[in-house]
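Heads up: the structure comes next, in structure tokens.
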Amino acid sequence: MKAHLSRRYLFSASHRLHSEAMSEEENQSIYGKCNNPYGHGHNYTVEVTVSGPVDEATGIVCNLTDLDGFIEREVLARYGHENLNTLKEFNKEVPTTENLCIQIYEIVQRGFHQAHLERVRLEETMMNSFEYSGNSEPLR
Amino acid sequence: MVYLTRKAEFSASHYYHNPAFSPEENLRIFGKCNNPNGHGHNYTLEVTVKGEVDPRSGFVVDLKQLKEVMHREVLDAMDHRFLNKEVPEFAHQIPTTENIAIAIWQRLSQKLERARLHRVRVYETPDLFVDFYGEA
């Protein structure tokens with residue numbers, strides 16, 4: 001039996017949305033308040049969904065301790081209480097929540113192999129969230 | 001196709017233990033959840049059904065019937081129960097959130113009349129949930 005398991009994690013970080021490829025006026029008109037040169041912060045919630053057969057002996061899809069440990073080490077320690085614009089992956093790319101969501105998906109996809117990664121969903125605020133499922137069809 | 005979701009809550013206790021494993025293995029794999037006296041959660045259940053909108057009633061499903069089936073098949077059996085000891089599916093199966101979602105799917109899918117079951121989602125806590133789509 002195949003089941004999907006989702007786990008939510010919190011981290012706080014700051015960013016500024018600004019593209020070198022655009023003029024000051026364009027940046028201001030596209031990113032609005034998010035273009036403030038001093039940056040601003042969010043409490044992000046990242047929701048990681050993995051899937052796989054439910055192991056008959058343990059009743060679980062994947063060991064939560066392993067998933068928690070991986071996310072804490074590779075995602076929360078990397079992004080928690082950081083200014084995203086100072087990180088190398090956002091050297092050239094604008095740290096929008098879309099791009100951050102893709103980065104987190106790639107980290108989990110590359111490094112976590114105990115279950116199949118279905119989706120990463122990233123909430124920037126209670127009102128905004130973004131999802132990335134790789135290049136495959138999105139999860140229902 | 002329209003999807004309709006109904007939520008319900010239930011509270012229950014459980015513990016994780018496989019008699020085929022040694023006590024050390026049980027503790028290593030299941031950690032705090034291995035405490036044989038059990039521990040509890042407030043579970044949130046979301047049942048999603050799908051179907052075409054009936055042109056006469058405007059409904060995908062008779063919500064009253066869905067609510068009754070959820071109450072009879074799930075809440076009456078699991079709410080305020082010790083899952084390992086009081087729910088037959090968990091006499092020989094560990095009541096993980098994964099297995100609870102599968103058991104609920106199996107209980108509901110036989111009883112729903114018009115609507116087809118699409119997804120069973122069980123939240124163990126607001127930060128941990130399982131989706132089951134009836135996939136083998």
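Going through the structure tokens in order, the chains are called A, B, and so on, while each chain numbers its residues from 1 and the ligands are numbered from 1 in the order shown.
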
Might you pull out every residue within 6 Å of Ser6 in chain A, with only C-alpha atoms counted and same-chain residues fewer than 2 positions away left off, and present them as a list in words? Val48 and Thr49 of chain A; Leu128 and Phe129 of chain B

Return the neighbours of chain B among the residues of chain A, cut-off 8 Å, counting only C-alpha atoms, as a ChimeraX atom specification. /A:1-9,54,57-61,63

Writer output for current selection, N, CA and C atoms, as a CSV table (one decimal), in the first residue's frame:
chain,number,residue,atom,x,y,z
A,1,MET,N,0.8,-1.2,0.0
A,1,MET,CA,0.0,0.0,0.0
A,1,MET,C,0.9,1.2,0.0
A,2,LYS,N,0.6,2.1,-1.0
A,2,LYS,CA,1.4,3.3,-1.1
A,2,LYS,C,0.8,4.5,-0.3
A,3,ALA,N,1.5,5.2,0.5
A,3,ALA,CA,0.9,6.3,1.2
A,3,ALA,C,1.9,7.5,1.1
A,4,HIS,N,1.3,8.7,1.2
A,4,HIS,CA,2.1,9.9,1.2
A,4,HIS,C,2.2,10.5,2.6
A,5,LEU,N,3.3,10.9,3.0
A,5,LEU,CA,3.5,11.4,4.3
A,5,LEU,C,4.1,12.8,4.2
A,6,SER,N,3.4,13.7,5.0
A,6,SER,CA,3.9,15.1,4.9
A,6,SER,C,4.2,15.6,6.3
A,7,ARG,N,5.3,16.4,6.4
A,7,ARG,CA,5.8,16.9,7.6
A,7,ARG,C,6.0,18.4,7.4
A,8,ARG,N,5.7,19.2,8.4
A,8,ARG,CA,5.9,20.7,8.3
A,8,ARG,C,7.0,21.1,9.3
A,9,TYR,N,7.8,22.1,8.8
A,9,TYR,CA,8.9,22.6,9.6
A,9,TYR,C,8.9,24.2,9.5
A,54,VAL,N,4.0,1.4,2.5
A,54,VAL,CA,4.0,1.3,4.0
A,54,VAL,C,4.7,0.0,4.4
A,57,ALA,N,6.4,-4.4,8.4
A,57,ALA,CA,6.9,-4.7,9.8
A,57,ALA,C,6.8,-3.5,10.7
A,58,THR,N,7.0,-2.3,10.1
A,58,THR,CA,7.0,-1.1,11.0
A,58,THR,C,5.7,-0.2,10.8
A,59,GLY,N,5.0,-0.4,9.7
A,59,GLY,CA,3.8,0.4,9.5
A,59,GLY,C,4.1,1.8,9.1
A,60,ILE,N,5.3,2.1,8.7
A,60,ILE,CA,5.7,3.5,8.3
A,60,ILE,C,6.2,3.6,6.9
A,61,VAL,N,6.1,4.8,6.3
A,61,VAL,CA,6.7,5.0,5.0
A,61,VAL,C,8.1,5.3,5.1
A,63,ASN,N,11.3,6.6,8.2
A,63,ASN,CA,11.5,7.0,9.6
A,63,ASN,C,11.6,8.5,9.8

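Non-sequential neighbours of range 71-76 of chain B (distance at most 9 Å, separation of 3 or more positions within a chain, only C-alpha atoms) are Ala8, Glu9, Phe10, Leu66, Lys67, Glu68, Asp79, His80, Ile104, Arg107, Leu108 and Lys111 of chain B.
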
May I have the residues from that selection written out with N, CA and C atoms, as a PDB file, in the first residue's frame?
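This went into selection03.pdb:
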ATOM      1  N   ALA B   8     -13.345  15.832  10.170  1.00  0.00           N
ATOM      2  CA  ALA B   8     -13.837  15.388  11.471  1.00  0.00           C
ATOM      3  C   ALA B   8     -12.632  15.267  12.390  1.00  0.00           C
ATOM      4  N   GLU B   9     -12.888  15.282  13.666  1.00  0.00           N
ATOM      5  CA  GLU B   9     -11.783  15.130  14.619  1.00  0.00           C
ATOM      6  C   GLU B   9     -12.060  13.963  15.534  1.00  0.00           C
ATOM      7  N   PHE B  10     -10.988  13.292  15.916  1.00  0.00           N
ATOM      8  CA  PHE B  10     -11.134  12.272  16.953  1.00  0.00           C
ATOM      9  C   PHE B  10      -9.859  12.221  17.777  1.00  0.00           C
ATOM     10  N   LEU B  66     -22.590  11.086   3.994  1.00  0.00           N
ATOM     11  CA  LEU B  66     -21.138  11.024   4.201  1.00  0.00           C
ATOM     12  C   LEU B  66     -20.810  11.219   5.684  1.00  0.00           C
ATOM     13  N   LYS B  67     -21.484  12.180   6.296  1.00  0.00           N
ATOM     14  CA  LYS B  67     -21.244  12.451   7.714  1.00  0.00           C
ATOM     15  C   LYS B  67     -21.626  11.234   8.556  1.00  0.00           C
ATOM     16  N   GLU B  68     -22.764  10.631   8.226  1.00  0.00           N
ATOM     17  CA  GLU B  68     -23.207   9.455   9.000  1.00  0.00           C
ATOM     18  C   GLU B  68     -22.223   8.301   8.867  1.00  0.00           C
ATOM     19  N   ASP B  79     -12.832   7.112  18.159  1.00  0.00           N
ATOM     20  CA  ASP B  79     -12.757   8.281  19.043  1.00  0.00           C
ATOM     21  C   ASP B  79     -12.748   7.862  20.511  1.00  0.00           C
ATOM     22  N   HIS B  80     -11.786   8.405  21.254  1.00  0.00           N
ATOM     23  CA  HIS B  80     -11.614   8.066  22.668  1.00  0.00           C
ATOM     24  C   HIS B  80     -11.389   6.579  22.873  1.00  0.00           C
ATOM     25  N   ILE B 104      -8.985   3.566   7.508  1.00  0.00           N
ATOM     26  CA  ILE B 104     -10.159   4.432   7.314  1.00  0.00           C
ATOM     27  C   ILE B 104     -10.638   4.347   5.866  1.00  0.00           C
ATOM     28  N   ARG B 107     -12.522   1.131   5.478  1.00  0.00           N
ATOM     29  CA  ARG B 107     -13.823   1.185   6.130  1.00  0.00           C
ATOM     30  C   ARG B 107     -14.820   2.009   5.310  1.00  0.00           C
ATOM     31  N   LEU B 108     -14.366   3.143   4.763  1.00  0.00           N
ATOM     32  CA  LEU B 108     -15.287   4.047   4.070  1.00  0.00           C
ATOM     33  C   LEU B 108     -15.622   3.573   2.663  1.00  0.00           C
ATOM     34  N   LYS B 111     -18.642   1.574   2.090  1.00  0.00           N
ATOM     35  CA  LYS B 111     -19.935   2.043   2.596  1.00  0.00           C
ATOM     36  C   LYS B 111     -20.509   3.243   1.848  1.00  0.00           C
TER      37      LYS B 111
END

Enumerate as an MDAnalysis selection string all residues of range 10-95 of chain A assigned to strand (DSSP E or B) by DSSP on the backbone, naming them with the chain letters and numbers the document uses. chainID A and resid 10:15 40:53 82:83

If you keep N, CA and C atoms, can you produce a file of those selected residues as a PDB file, in the first residue's frame?
ATOM      1  N   LEU A  10       9.387  24.816  10.509  1.00  0.00           N
ATOM      2  CA  LEU A  10       9.382  26.285  10.513  1.00  0.00           C
ATOM      3  C   LEU A  10      10.794  26.831  10.493  1.00  0.00           C
ATOM      4  N   PHE A  11      10.992  27.923   9.769  1.00  0.00           N
ATOM      5  CA  PHE A  11      12.239  28.679   9.913  1.00  0.00           C
ATOM      6  C   PHE A  11      11.961  30.146   9.574  1.00  0.00           C
ATOM      7  N   SER A  12      12.825  30.996  10.070  1.00  0.00           N
ATOM      8  CA  SER A  12      12.661  32.426   9.835  1.00  0.00           C
ATOM      9  C   SER A  12      13.884  32.932   9.088  1.00  0.00           C
ATOM     10  N   ALA A  13      13.665  33.779   8.117  1.00  0.00           N
ATOM     11  CA  ALA A  13      14.787  34.307   7.332  1.00  0.00           C
ATOM     12  C   ALA A  13      14.382  35.650   6.741  1.00  0.00           C
ATOM     13  N   SER A  14      15.396  36.377   6.255  1.00  0.00           N
ATOM     14  CA  SER A  14      15.077  37.652   5.613  1.00  0.00           C
ATOM     15  C   SER A  14      15.498  37.612   4.149  1.00  0.00           C
ATOM     16  N   HIS A  15      14.916  38.490   3.374  1.00  0.00           N
ATOM     17  CA  HIS A  15      15.306  38.593   1.966  1.00  0.00           C
ATOM     18  C   HIS A  15      14.922  39.971   1.414  1.00  0.00           C
ATOM     19  N   HIS A  40      13.556  42.421   4.486  1.00  0.00           N
ATOM     20  CA  HIS A  40      12.479  42.182   5.462  1.00  0.00           C
ATOM     21  C   HIS A  40      12.435  40.682   5.682  1.00  0.00           C
ATOM     22  N   GLY A  41      11.686  40.231   6.696  1.00  0.00           N
ATOM     23  CA  GLY A  41      11.730  38.810   7.044  1.00  0.00           C
ATOM     24  C   GLY A  41      10.382  38.121   7.025  1.00  0.00           C
ATOM     25  N   HIS A  42      10.442  36.810   7.047  1.00  0.00           N
ATOM     26  CA  HIS A  42       9.220  35.984   7.127  1.00  0.00           C
ATOM     27  C   HIS A  42       9.448  34.812   8.071  1.00  0.00           C
ATOM     28  N   ASN A  43       8.343  34.306   8.607  1.00  0.00           N
ATOM     29  CA  ASN A  43       8.371  32.988   9.212  1.00  0.00           C
ATOM     30  C   ASN A  43       7.893  32.027   8.128  1.00  0.00           C
ATOM     31  N   TYR A  44       8.798  31.240   7.609  1.00  0.00           N
ATOM     32  CA  TYR A  44       8.442  30.304   6.548  1.00  0.00           C
ATOM     33  C   TYR A  44       8.004  28.969   7.149  1.00  0.00           C
ATOM     34  N   THR A  45       7.053  28.339   6.508  1.00  0.00           N
ATOM     35  CA  THR A  45       6.711  26.955   6.862  1.00  0.00           C
ATOM     36  C   THR A  45       7.006  26.109   5.639  1.00  0.00           C
ATOM     37  N   VAL A  46       7.822  25.091   5.813  1.00  0.00           N
ATOM     38  CA  VAL A  46       8.096  24.205   4.680  1.00  0.00           C
ATOM     39  C   VAL A  46       7.417  22.872   4.943  1.00  0.00           C
ATOM     40  N   GLU A  47       6.659  22.427   3.941  1.00  0.00           N
ATOM     41  CA  GLU A  47       5.923  21.168   4.072  1.00  0.00           C
ATOM     42  C   GLU A  47       6.519  20.189   3.059  1.00  0.00           C
ATOM     43  N   VAL A  48       7.101  19.114   3.563  1.00  0.00           N
ATOM     44  CA  VAL A  48       7.773  18.133   2.700  1.00  0.00           C
ATOM     45  C   VAL A  48       6.888  16.897   2.598  1.00  0.00           C
ATOM     46  N   THR A  49       6.566  16.483   1.378  1.00  0.00           N
ATOM     47  CA  THR A  49       5.743  15.284   1.180  1.00  0.00           C
ATOM     48  C   THR A  49       6.579  14.198   0.518  1.00  0.00           C
ATOM     49  N   VAL A  50       6.663  13.044   1.185  1.00  0.00           N
ATOM     50  CA  VAL A  50       7.351  11.890   0.606  1.00  0.00           C
ATOM     51  C   VAL A  50       6.358  10.754   0.473  1.00  0.00           C
ATOM     52  N   SER A  51       6.675   9.787  -0.377  1.00  0.00           N
ATOM     53  CA  SER A  51       5.750   8.669  -0.556  1.00  0.00           C
ATOM     54  C   SER A  51       6.525   7.374  -0.660  1.00  0.00           C
ATOM     55  N   GLY A  52       5.792   6.289  -0.498  1.00  0.00           N
ATOM     56  CA  GLY A  52       6.404   4.974  -0.643  1.00  0.00           C
ATOM     57  C   GLY A  52       5.485   3.935  -0.073  1.00  0.00           C
ATOM     58  N   PRO A  53       5.844   2.671  -0.239  1.00  0.00           N
ATOM     59  CA  PRO A  53       5.019   1.607   0.339  1.00  0.00           C
ATOM     60  C   PRO A  53       5.106   1.647   1.869  1.00  0.00           C
ATOM     61  N   GLU A  82      18.895  33.417   8.497  1.00  0.00           N
ATOM     62  CA  GLU A  82      19.873  33.927   7.532  1.00  0.00           C
ATOM     63  C   GLU A  82      19.219  35.023   6.693  1.00  0.00           C
ATOM     64  N   ASN A  83      20.088  35.843   6.101  1.00  0.00           N
ATOM     65  CA  ASN A  83      19.645  36.753   5.055  1.00  0.00           C
ATOM     66  C   ASN A  83      19.853  36.008   3.737  1.00  0.00           C
TER      67      ASN A  83
END

If you count only C-alpha atoms, which residues fall within 9 Å of range 95-105 of chain A, apart from same-chain ones fewer than 6 positions away, as a tab-separated table (two decimals) with C-alpha atoms, in the first residue's frame?
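Saved result, result37.tsv, follows:
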chain	number	residue	atom	x	y	z
A	15	HIS	CA	15.31	38.59	1.97
A	16	ARG	CA	15.07	41.40	-0.50
A	17	LEU	CA	13.54	40.95	-3.93
A	18	HIS	CA	15.69	42.81	-6.39
A	46	VAL	CA	8.10	24.21	4.68
A	48	VAL	CA	7.77	18.13	2.70
A	74	GLU	CA	20.34	20.50	5.35
A	75	VAL	CA	17.46	22.96	5.22
A	84	LEU	CA	18.85	34.72	1.93
A	85	ASN	CA	20.44	37.28	-0.40
A	89	GLU	CA	22.45	30.12	-4.45
A	117	LEU	CA	10.10	12.98	-2.70
A	119	ARG	CA	6.56	17.70	-3.33
A	120	VAL	CA	7.86	20.65	-1.38
A	121	ARG	CA	5.37	23.29	-0.38
A	122	LEU	CA	6.62	26.53	1.11
A	123	GLU	CA	4.40	29.00	2.94
A	124	GLU	CA	5.78	32.51	3.05
A	129	SER	CA	2.29	29.37	-0.50
A	130	PHE	CA	4.27	27.84	-3.35
A	131	GLU	CA	4.68	24.23	-4.44
A	132	TYR	CA	7.26	22.43	-6.50
A	133	SER	CA	7.12	18.79	-7.57
A	134	GLY	CA	10.15	18.70	-9.83

Measure the distance from CA of Arg6 in chain B to CA of Ser57 in chain B in Å and round it to one decimal.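 Value for the CA of Arg6 in chain B-CA of Ser57 in chain B distance: 18.4 Å.
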
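Interatomic distance, CA of Met1 in chain B to CA of Val60 in chain B: 8.8 Å.
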
Given the choices B:Ala12, B:Leu4, B:Val61, B:Met78, which gets closest to Ala115 in chain B if the distance is worked out from only C-alpha atoms? B:Val61

Name the residues of chain A that fall into alpha helix (DSSP H) according to DSSP on the backbone, using the chain letters and numbers of this document, as a PyMOL selection string. chain A and resi 24-31+64-71+77-79+97-111

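Across the structure, CA of Met70 in chain B and CA of Gly58 in chain B are spaced 21.6 Å apart.
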